[in-house]
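Source file: entry_17.cif. Holds: mmCIF, C-alpha atoms.
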```
data_target
loop_
_atom_site.label_atom_id
_atom_site.label_comp_id
_atom_site.auth_asym_id
_atom_site.auth_seq_id
_atom_site.Cartn_x
_atom_site.Cartn_y
_atom_site.Cartn_z
CA MET A 1 -4.73 14.95 -39.79
CA ILE A 2 -3.24 15.02 -36.31
CA TYR A 3 -0.11 17.08 -36.90
CA LEU A 4 2.69 16.17 -34.47
CA ASP A 5 5.66 17.58 -36.39
CA ASN A 6 5.75 20.99 -34.73
CA ALA A 7 9.48 20.76 -33.99
CA ALA A 8 10.03 20.95 -37.75
CA THR A 9 7.42 23.69 -38.31
CA GLU A 10 4.46 24.63 -36.14
CA GLY A 11 1.49 23.25 -38.02
CA THR A 12 -1.33 25.59 -37.06
CA LYS A 13 -0.64 29.31 -36.87
CA PRO A 14 -2.69 31.62 -34.65
CA ILE A 15 -5.40 33.61 -36.44
CA ALA A 16 -3.58 36.90 -35.75
CA VAL A 17 -0.47 35.57 -37.48
CA ARG A 18 -2.41 34.41 -40.53
CA ASN A 19 -4.21 37.74 -40.75
CA ALA A 20 -0.91 39.63 -40.49
CA VAL A 21 0.49 37.74 -43.47
CA LEU A 22 -2.64 38.33 -45.56
CA SER A 23 -2.63 42.01 -44.68
CA ALA A 24 1.02 42.34 -45.68
CA MET A 25 0.28 40.71 -49.02
CA ARG A 26 -2.64 43.02 -49.71
CA ALA A 27 -0.41 46.09 -49.40
CA CYS A 28 2.94 45.03 -50.82
CA ALA A 29 5.94 47.34 -50.82
CA ASN A 30 9.67 47.01 -50.25
CA PRO A 31 10.26 48.15 -46.66
CA GLY A 32 12.61 51.10 -46.45
CA ARG A 33 13.99 50.83 -49.99
CA SER A 34 11.81 53.59 -51.42
CA GLY A 35 10.71 57.00 -50.19
CA HIS A 36 6.97 56.66 -50.68
CA ARG A 37 4.49 56.41 -47.84
CA LEU A 38 3.85 52.66 -48.05
CA SER A 39 7.53 51.75 -48.10
CA LEU A 40 8.22 54.00 -45.11
CA ALA A 41 5.27 52.56 -43.18
CA HIS A 42 6.55 49.04 -43.78
CA ALA A 43 10.01 50.10 -42.63
CA GLU A 44 8.53 51.39 -39.38
CA HIS A 45 6.84 48.06 -38.76
CA VAL A 46 10.09 46.21 -39.49
CA LEU A 47 11.79 48.40 -36.88
CA SER A 48 9.01 47.62 -34.39
CA CYS A 49 9.60 43.90 -34.91
CA ARG A 50 13.34 44.31 -34.31
CA GLU A 51 12.60 46.14 -31.08
CA LEU A 52 10.13 43.48 -29.98
CA LEU A 53 12.65 40.73 -30.74
CA SER A 54 15.29 42.45 -28.65
CA GLU A 55 12.88 43.05 -25.76
CA THR A 56 11.54 39.49 -25.81
CA PHE A 57 14.95 37.85 -25.62
CA GLY A 58 16.81 40.40 -23.53
CA GLY A 59 18.88 41.50 -26.49
CA TYR A 60 21.15 44.44 -27.19
CA GLY A 61 18.98 46.77 -29.22
CA PHE A 62 17.08 46.84 -32.50
CA ASP A 63 20.21 47.34 -34.59
CA ARG A 64 21.62 44.04 -33.34
CA ALA A 65 18.50 42.08 -34.30
CA VAL A 66 19.04 40.89 -37.87
CA PHE A 67 16.47 39.07 -39.99
CA THR A 68 17.59 36.01 -41.92
CA ARG A 69 16.02 33.48 -44.23
CA SER A 70 16.22 30.79 -41.54
CA CYS A 71 17.85 29.83 -38.27
CA THR A 72 20.42 27.96 -40.36
CA GLU A 73 21.45 31.20 -42.06
CA ALA A 74 21.62 32.95 -38.68
CA LEU A 75 23.95 30.25 -37.34
CA ASN A 76 26.11 30.47 -40.45
CA ILE A 77 26.51 34.22 -39.95
CA ALA A 78 27.37 33.65 -36.29
CA LEU A 79 30.12 31.18 -37.23
CA LEU A 80 31.40 32.15 -40.68
CA GLY A 81 31.07 35.85 -39.91
CA VAL A 82 32.88 35.78 -36.55
CA LEU A 83 35.52 33.04 -36.61
CA GLU A 84 39.02 33.77 -37.89
CA ALA A 85 42.11 31.76 -38.73
CA GLY A 86 43.52 30.01 -35.68
CA ASP A 87 40.33 30.12 -33.62
CA HIS A 88 39.05 27.16 -31.63
CA VAL A 89 35.39 26.28 -31.03
CA VAL A 90 33.64 24.03 -28.53
CA ALA A 91 30.31 22.56 -29.65
CA THR A 92 28.23 19.75 -28.17
CA THR A 93 26.92 16.35 -29.14
CA LEU A 94 23.38 17.78 -29.18
CA GLU A 95 24.02 20.33 -31.94
CA HIS A 96 22.16 20.44 -35.22
CA ASN A 97 23.94 20.17 -38.57
CA SER A 98 23.40 23.93 -38.91
CA VAL A 99 26.25 24.19 -36.41
CA LEU A 100 28.18 21.01 -37.15
CA ARG A 101 28.50 21.45 -40.91
CA PRO A 102 29.84 25.02 -40.86
CA LEU A 103 32.38 23.97 -38.23
CA TYR A 104 33.37 20.94 -40.29
CA ALA A 105 33.78 23.08 -43.41
CA LEU A 106 35.96 25.64 -41.62
CA SER A 107 38.04 22.85 -40.13
CA ARG A 108 38.53 21.17 -43.52
CA GLN A 109 39.67 24.52 -44.91
CA GLY A 110 42.26 24.75 -42.13
CA VAL A 111 40.71 27.89 -40.66
CA ILE A 112 39.70 26.60 -37.21
CA THR A 113 39.83 23.62 -34.91
CA TYR A 114 36.95 22.41 -32.78
CA ASP A 115 36.01 19.90 -30.10
CA ILE A 116 32.66 18.25 -29.37
CA ALA A 117 31.52 17.93 -25.76
CA PRO A 118 30.09 14.44 -25.11
CA LEU A 119 27.10 13.51 -22.99
CA THR A 120 27.47 11.97 -19.55
CA ASP A 121 24.81 9.31 -18.93
CA GLY A 122 22.74 10.96 -21.63
CA VAL A 123 23.09 14.45 -20.11
CA LEU A 124 25.12 17.44 -21.28
CA LEU A 125 27.07 18.70 -18.27
CA PRO A 126 28.21 22.35 -18.29
CA GLU A 127 31.51 21.38 -16.70
CA THR A 128 32.19 18.95 -19.56
CA VAL A 129 31.78 21.77 -22.08
CA ALA A 130 33.93 24.17 -20.04
CA SER A 131 36.71 21.58 -19.71
CA LEU A 132 37.30 21.70 -23.47
CA VAL A 133 37.97 25.45 -23.61
CA ARG A 134 41.49 26.36 -24.73
CA GLU A 135 43.46 29.60 -24.79
CA ASN A 136 42.39 30.20 -28.40
CA THR A 137 38.73 29.25 -27.94
CA LYS A 138 36.58 32.02 -29.38
CA ILE A 139 33.08 30.50 -29.37
CA VAL A 140 31.21 27.92 -27.36
CA CYS A 141 28.08 26.66 -29.18
CA VAL A 142 25.31 25.21 -27.02
CA THR A 143 21.78 24.54 -28.17
CA ALA A 144 18.98 25.86 -25.97
CA ALA A 145 17.16 22.54 -26.42
CA SER A 146 17.86 19.34 -28.33
CA ASN A 147 15.67 18.89 -31.38
CA VAL A 148 15.93 15.12 -30.85
CA THR A 149 14.93 14.74 -27.20
CA GLY A 150 13.77 18.20 -26.07
CA VAL A 151 16.41 18.23 -23.33
CA SER A 152 17.72 21.67 -22.42
CA CYS A 153 20.91 22.79 -20.69
CA ASP A 154 21.25 25.42 -17.98
CA LEU A 155 22.83 28.15 -20.08
CA LYS A 156 23.37 30.45 -17.12
CA ILE A 157 25.50 27.85 -15.34
CA MET A 158 27.27 27.15 -18.62
CA ARG A 159 28.16 30.82 -19.03
CA SER A 160 29.43 31.07 -15.45
CA LEU A 161 31.97 28.32 -16.11
CA LEU A 162 33.38 29.92 -19.25
CA PRO A 163 36.15 32.54 -19.37
CA GLU A 164 34.72 36.01 -19.87
CA ARG A 165 36.54 36.40 -23.21
CA VAL A 166 34.73 33.40 -24.77
CA LEU A 167 31.60 34.12 -26.81
CA LEU A 168 28.51 32.02 -26.11
CA LEU A 169 26.45 31.11 -29.19
CA THR A 170 23.03 29.58 -28.60
CA ASP A 171 20.89 27.80 -31.17
CA GLY A 172 17.38 28.78 -30.07
CA ALA A 173 15.52 26.97 -32.86
CA GLN A 174 13.78 24.49 -30.54
CA GLY A 175 13.96 26.26 -27.18
CA ALA A 176 12.76 29.75 -28.09
CA GLY A 177 9.11 30.20 -27.25
CA HIS A 178 9.11 27.19 -24.93
CA ILE A 179 11.78 27.95 -22.35
CA PRO A 180 12.86 31.39 -21.07
CA ILE A 181 15.87 32.85 -22.91
CA HIS A 182 17.28 36.21 -21.83
CA MET A 183 20.56 37.14 -23.48
CA LYS A 184 21.83 39.75 -21.03
CA GLU A 185 20.86 37.85 -17.88
CA THR A 186 22.35 34.61 -19.20
CA GLY A 187 25.41 36.07 -20.91
CA ILE A 188 24.56 34.92 -24.42
CA ASP A 189 26.50 36.78 -27.11
CA LEU A 190 24.80 35.33 -30.19
CA LEU A 191 21.28 33.90 -30.34
CA ALA A 192 19.92 32.28 -33.51
CA LEU A 193 16.16 31.92 -33.83
CA ALA A 194 13.63 30.11 -36.01
CA GLY A 195 10.39 32.04 -36.25
CA HIS A 196 8.29 29.18 -37.59
CA LYS A 197 8.51 26.89 -34.56
CA GLY A 198 7.84 28.07 -31.00
CA LEU A 199 7.49 31.71 -32.07
CA HIS A 200 4.28 31.04 -34.05
CA ALA A 201 5.47 32.80 -37.24
CA ILE A 202 5.88 31.55 -40.78
CA GLN A 203 9.33 30.66 -42.13
CA ILE A 204 11.87 33.28 -41.06
CA GLY A 205 15.03 33.40 -38.94
CA ALA A 206 16.82 35.99 -36.85
CA LEU A 207 20.21 36.57 -35.28
CA LEU A 208 20.59 38.67 -32.14
CA PHE A 209 24.08 39.60 -30.97
CA SER A 210 25.87 41.64 -28.32
CA GLU A 211 28.30 44.55 -28.56
CA ARG A 212 31.14 42.07 -27.94
CA VAL A 213 30.84 40.70 -31.44
CA SER A 214 30.88 42.27 -34.90
CA PRO A 215 29.84 39.64 -37.48
CA ARG A 216 31.12 40.03 -41.01
CA PRO A 217 28.61 39.68 -43.84
CA ILE A 218 28.46 36.34 -45.63
CA LEU A 219 26.05 37.69 -48.24
CA TYR A 220 26.65 40.79 -50.33
CA GLY A 221 24.26 43.03 -52.21
CA GLY A 222 21.83 45.91 -51.97
CA THR A 223 20.79 47.31 -48.60
CA GLY A 224 19.12 50.56 -49.61
CA SER A 225 21.81 52.50 -47.75
CA ILE A 226 25.07 54.07 -48.98
CA SER A 227 24.50 52.46 -52.37
CA ILE A 228 27.45 54.26 -54.01
CA ASP A 229 29.94 52.43 -51.76
CA PRO A 230 31.16 49.06 -53.15
CA GLU A 231 31.69 47.90 -49.57
CA MET A 232 28.84 46.67 -47.40
CA PRO A 233 27.67 49.27 -44.85
CA SER A 234 29.69 49.29 -41.62
CA PHE A 235 26.61 49.58 -39.41
CA TYR A 236 24.01 47.04 -38.34
CA PRO A 237 21.53 45.72 -39.26
CA ASP A 238 22.27 46.83 -42.85
CA ARG A 239 25.71 45.17 -42.82
CA LEU A 240 24.12 41.72 -42.60
CA GLU A 241 20.89 42.19 -44.54
CA SER A 242 21.48 42.10 -48.29
CA GLY A 243 18.47 41.96 -50.55
CA THR A 244 14.77 42.42 -49.97
CA LEU A 245 13.40 41.47 -46.57
CA SER A 246 10.39 39.14 -46.39
CA TYR A 247 7.86 41.64 -45.09
CA PRO A 248 4.99 39.11 -44.71
CA ALA A 249 7.26 36.86 -42.63
CA ILE A 250 8.37 39.79 -40.46
CA CYS A 251 4.72 40.75 -39.89
CA SER A 252 3.97 37.17 -38.85
CA LEU A 253 6.90 37.21 -36.44
CA PHE A 254 5.71 40.45 -34.84
CA GLU A 255 2.28 38.93 -34.18
CA GLY A 256 3.79 35.65 -33.02
CA LEU A 257 6.04 37.43 -30.51
CA THR A 258 3.09 39.50 -29.30
CA ILE A 259 1.11 36.31 -28.66
CA LEU A 260 4.09 34.63 -27.03
CA ARG A 261 4.56 37.49 -24.56
CA SER A 262 0.93 37.14 -23.45
CA GLN A 263 1.05 33.36 -23.03
CA ARG A 264 1.57 31.77 -19.65
CA GLY A 265 2.27 28.18 -18.70
CA SER A 266 2.77 26.63 -22.17
CA GLY A 267 6.02 25.04 -20.99
CA GLU A 268 4.29 23.42 -18.04
CA HIS A 269 1.49 22.22 -20.31
CA LEU A 270 3.85 20.55 -22.79
CA THR A 271 5.84 19.02 -19.95
CA GLU A 272 2.65 17.39 -18.70
CA VAL A 273 1.82 16.08 -22.18
CA THR A 274 5.26 14.58 -22.75
CA ALA A 275 5.31 13.18 -19.21
CA ALA A 276 2.08 11.32 -19.91
CA LEU A 277 3.49 9.82 -23.10
CA CYS A 278 6.71 8.86 -21.35
CA LYS A 279 4.66 6.90 -18.85
CA TRP A 280 2.21 5.33 -21.29
CA VAL A 281 4.64 4.35 -24.04
CA GLY A 282 7.33 3.45 -21.51
CA GLU A 283 5.02 0.71 -20.20
CA MET A 284 4.76 -0.88 -23.66
CA SER A 285 7.33 -3.61 -24.31
CA SER A 286 7.46 -2.91 -28.06
CA TYR A 287 8.88 0.60 -27.64
CA GLU A 288 11.85 2.39 -26.15
CA VAL A 289 11.46 6.01 -25.00
CA PHE A 290 14.33 8.50 -25.43
CA SER A 291 12.78 11.82 -24.35
CA PRO A 292 12.21 12.87 -20.76
CA PRO A 293 9.26 15.15 -19.99
CA ASN A 294 10.14 18.53 -21.48
CA ALA A 295 8.76 22.02 -22.10
CA CYS A 296 9.48 21.85 -25.84
CA GLY A 297 6.81 19.22 -26.42
CA ILE A 298 9.21 16.71 -28.00
CA PHE A 299 8.62 13.00 -27.53
CA SER A 300 11.11 10.69 -29.26
CA PHE A 301 10.93 6.91 -29.24
CA ARG A 302 11.61 3.85 -31.34
CA HIS A 303 9.86 0.62 -32.16
CA LYS A 304 12.05 -2.32 -31.21
CA LYS A 305 11.45 -4.10 -34.54
CA LEU A 306 10.60 -1.45 -37.13
CA PRO A 307 12.85 1.33 -38.48
CA SER A 308 11.83 4.84 -37.47
CA ASP A 309 11.00 5.93 -41.03
CA GLU A 310 8.69 2.96 -41.44
CA VAL A 311 6.89 3.73 -38.18
CA ALA A 312 6.46 7.35 -39.27
CA SER A 313 5.04 6.19 -42.62
CA LEU A 314 2.63 3.78 -40.96
CA LEU A 315 1.40 6.46 -38.58
CA SER A 316 0.75 8.73 -41.54
CA GLU A 317 -0.81 6.16 -43.88
CA ARG A 318 -2.94 4.21 -41.42
CA PHE A 319 -3.80 6.76 -38.74
CA ASP A 320 -3.29 10.17 -40.42
CA ILE A 321 -0.79 11.20 -37.73
CA ALA A 322 2.17 13.30 -38.88
CA VAL A 323 5.48 12.68 -37.07
CA ARG A 324 9.09 12.63 -38.21
CA GLY A 325 11.41 9.65 -38.37
CA GLY A 326 15.14 9.54 -39.00
CA LEU A 327 18.14 11.47 -37.72
CA HIS A 328 16.60 14.97 -37.51
CA CYS A 329 19.81 16.57 -38.85
CA ALA A 330 21.52 15.79 -35.53
CA PRO A 331 23.71 12.73 -36.17
CA LEU A 332 25.97 13.12 -33.13
CA ALA A 333 22.99 13.18 -30.80
CA HIS A 334 21.73 9.92 -32.26
CA LYS A 335 25.19 8.39 -32.05
CA ALA A 336 25.35 9.29 -28.36
CA LEU A 337 21.85 7.94 -27.76
CA GLY A 338 22.63 4.70 -29.57
CA SER A 339 19.89 5.25 -32.14
CA LEU A 340 22.01 4.99 -35.30
CA PRO A 341 21.53 4.15 -38.11
CA ASP A 342 17.73 4.30 -38.19
CA GLY A 343 17.22 7.19 -35.80
CA LEU A 344 14.06 7.78 -33.82
CA VAL A 345 10.42 8.65 -34.29
CA ARG A 346 9.77 12.19 -33.06
CA ALA A 347 6.30 13.37 -32.15
CA SER A 348 6.31 17.07 -31.30
CA PHE A 349 3.39 19.01 -29.84
CA SER A 350 2.42 22.67 -30.04
CA PRO A 351 1.02 24.61 -27.07
CA TYR A 352 -2.41 24.30 -28.72
CA GLN A 353 -2.37 20.51 -28.48
CA GLY A 354 -2.61 18.25 -25.47
CA ILE A 355 -3.75 14.96 -23.98
CA ARG A 356 -6.33 14.35 -26.72
CA GLU A 357 -3.63 14.22 -29.39
CA ALA A 358 -1.34 12.24 -27.08
CA ARG A 359 -4.03 9.61 -26.58
CA ALA A 360 -4.58 9.38 -30.35
CA LEU A 361 -0.86 8.71 -30.81
CA LEU A 362 -0.91 6.14 -28.01
CA SER A 363 -3.85 4.33 -29.60
CA ALA A 364 -2.04 4.16 -32.93
CA LEU A 365 1.16 2.90 -31.31
CA LYS A 366 -0.79 0.14 -29.60
CA CYS A 367 -2.02 -1.00 -32.99
CA LEU A 368 1.56 -1.16 -34.26
CA THR A 369 2.77 -3.44 -31.45
CA SER A 370 1.65 -6.46 -33.44
CA VAL A 371 3.34 -5.37 -36.68
#
```
Using the file provided, produce a representation of the structure as structure tokens.
Amino acid sequence: MIYLDNAATEGTKPIAVRNAVLSAMRACANPGRSGHRLSLAHAEHVLSCRELLSETFGGYGFDRAVFTRSCTEALNIALLGVLEAGDHVVATTLEHNSVLRPLYALSRQGVITYDIAPLTDGVLLPETVASLVRENTKIVCVTAASNVTGVSCDLKIMRSLLPERVLLLTDGAQGAGHIPIHMKETGIDLLALAGHKGLHAIQIGALLFSERVSPRPILYGGTGSISIDPEMPSFYPDRLESGTLSYPAICSLFEGLTILRSQRGSGEHLTEVTAALCKWVGEMSSYEVFSPPNACGIFSFRHKKLPSDEVASLLSERFDIAVRGGLHCAPLAHKALGSLPDGLVRASFSPYQGIREARALLSALKCLTSV
């Protein structure tokens, strides 16, 4: 199979990541919950991963790097654990449902209000987002890169246009690992991450946050600390980490981050790959291209006669090429792009793929022009 669904989950993990997971499973223990040697050793490695996360993304220290089940959970903590009654939020048309649905739920409950920044000629302009800020705006949510088109926004310019009091929340699910993200230099207060995409890990999430924010827990339970207290611990990361951590996933993330920090030029490589597809497929009358060349390796398009899900199925069944059709959990982005109700076909490349895989996709698409 030619796996081109890396924006959902990176298909092939580096050998070091796979070995880290196997090693963790050979010596299983609950990190930091017991006093024996193996548990303490695992806890030390968990701490090392927190430190590496913070260093990689210009964060605010190991204690403000919290592990989550997914990027979705991280975003829920950032919203449900920070927003209060009467707050206002600005989000964008490009956001994933992991942002849109929590905001909708809070709005339906009468807790908050929110506005959605539209695109201008298909582009998210920082000044459009800033224009929606009100006196009671607490958070501005801006994705680092669209999971539909791969388009990114200049977060540093965005931050410069916002009042200092406003918190900047960034969904790094698609951008992290592909484009540079530095929290302190950019002014990001909350950064949600998905380990299993551009960070080369297996399924795990993380939330990094600044001293300007103190998220409340949305999950309650054991932390291995101050167990006699019925309240959750007041200190981080324990305050936000109920239950047993996934040690194999944390080990995979540590190795993935180590690899990422040694890589150079993957963004340029994926930009070249997507640029080639934009040119090749753009010259075919049966298709319409929606992605510009981008460092995230995302190439979205549609067949002018066939629904996106059908094209994805045909690519899988006839050519053994894995892509994703549909709305990609980002309905507002598709509405803005004019790709409702069928959505788009998204082919997404990893840094370990290139022109060979792009040509295979092109060949298959040529065969589908007569369908």
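Here, the PyMOL selection byres ((chain A and resi 149-165) around 6) matches Pro126, Ala130, Ala144, Ala145, Ser146, Asn147, Val148, Val166, Thr186, Ser291, Asn294, Cys296, Ile298 and Ser300 of chain A.
With all atoms listed in the file taken into account, the protein and nucleic acid residues at most 10 Å from A:Arg239 (excluding it and anything under 5 positions from it in its own chain) are Val66, Ser214, Pro215, Arg216, Pro217, Ile218, Leu219, Tyr220, Gly221, Gly222, Thr223, Ser225, Glu231, Met232, Pro233 and Ser234 of chain A.
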task = Name the residues, using the chain letters and numbers of the file, that sit within 12 Å of (23.3, 28.5, -42.1) when counting only C-alpha atoms, and give them as a PyMOL selection string.
result = chain A and resi 68-81+96-103+105+171+192-194+205-207+218-219
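You will find atom CA of A:Ala312 at 6.5 Å from atom CA of A:Val345.
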request  = Spell out the residues picked by the PyMOL selection byres ((chain A and resi 325) around 9) here, as a PyMOL selection string.
outcome  = chain A and resi 307-313+323-324+326-328+342-347
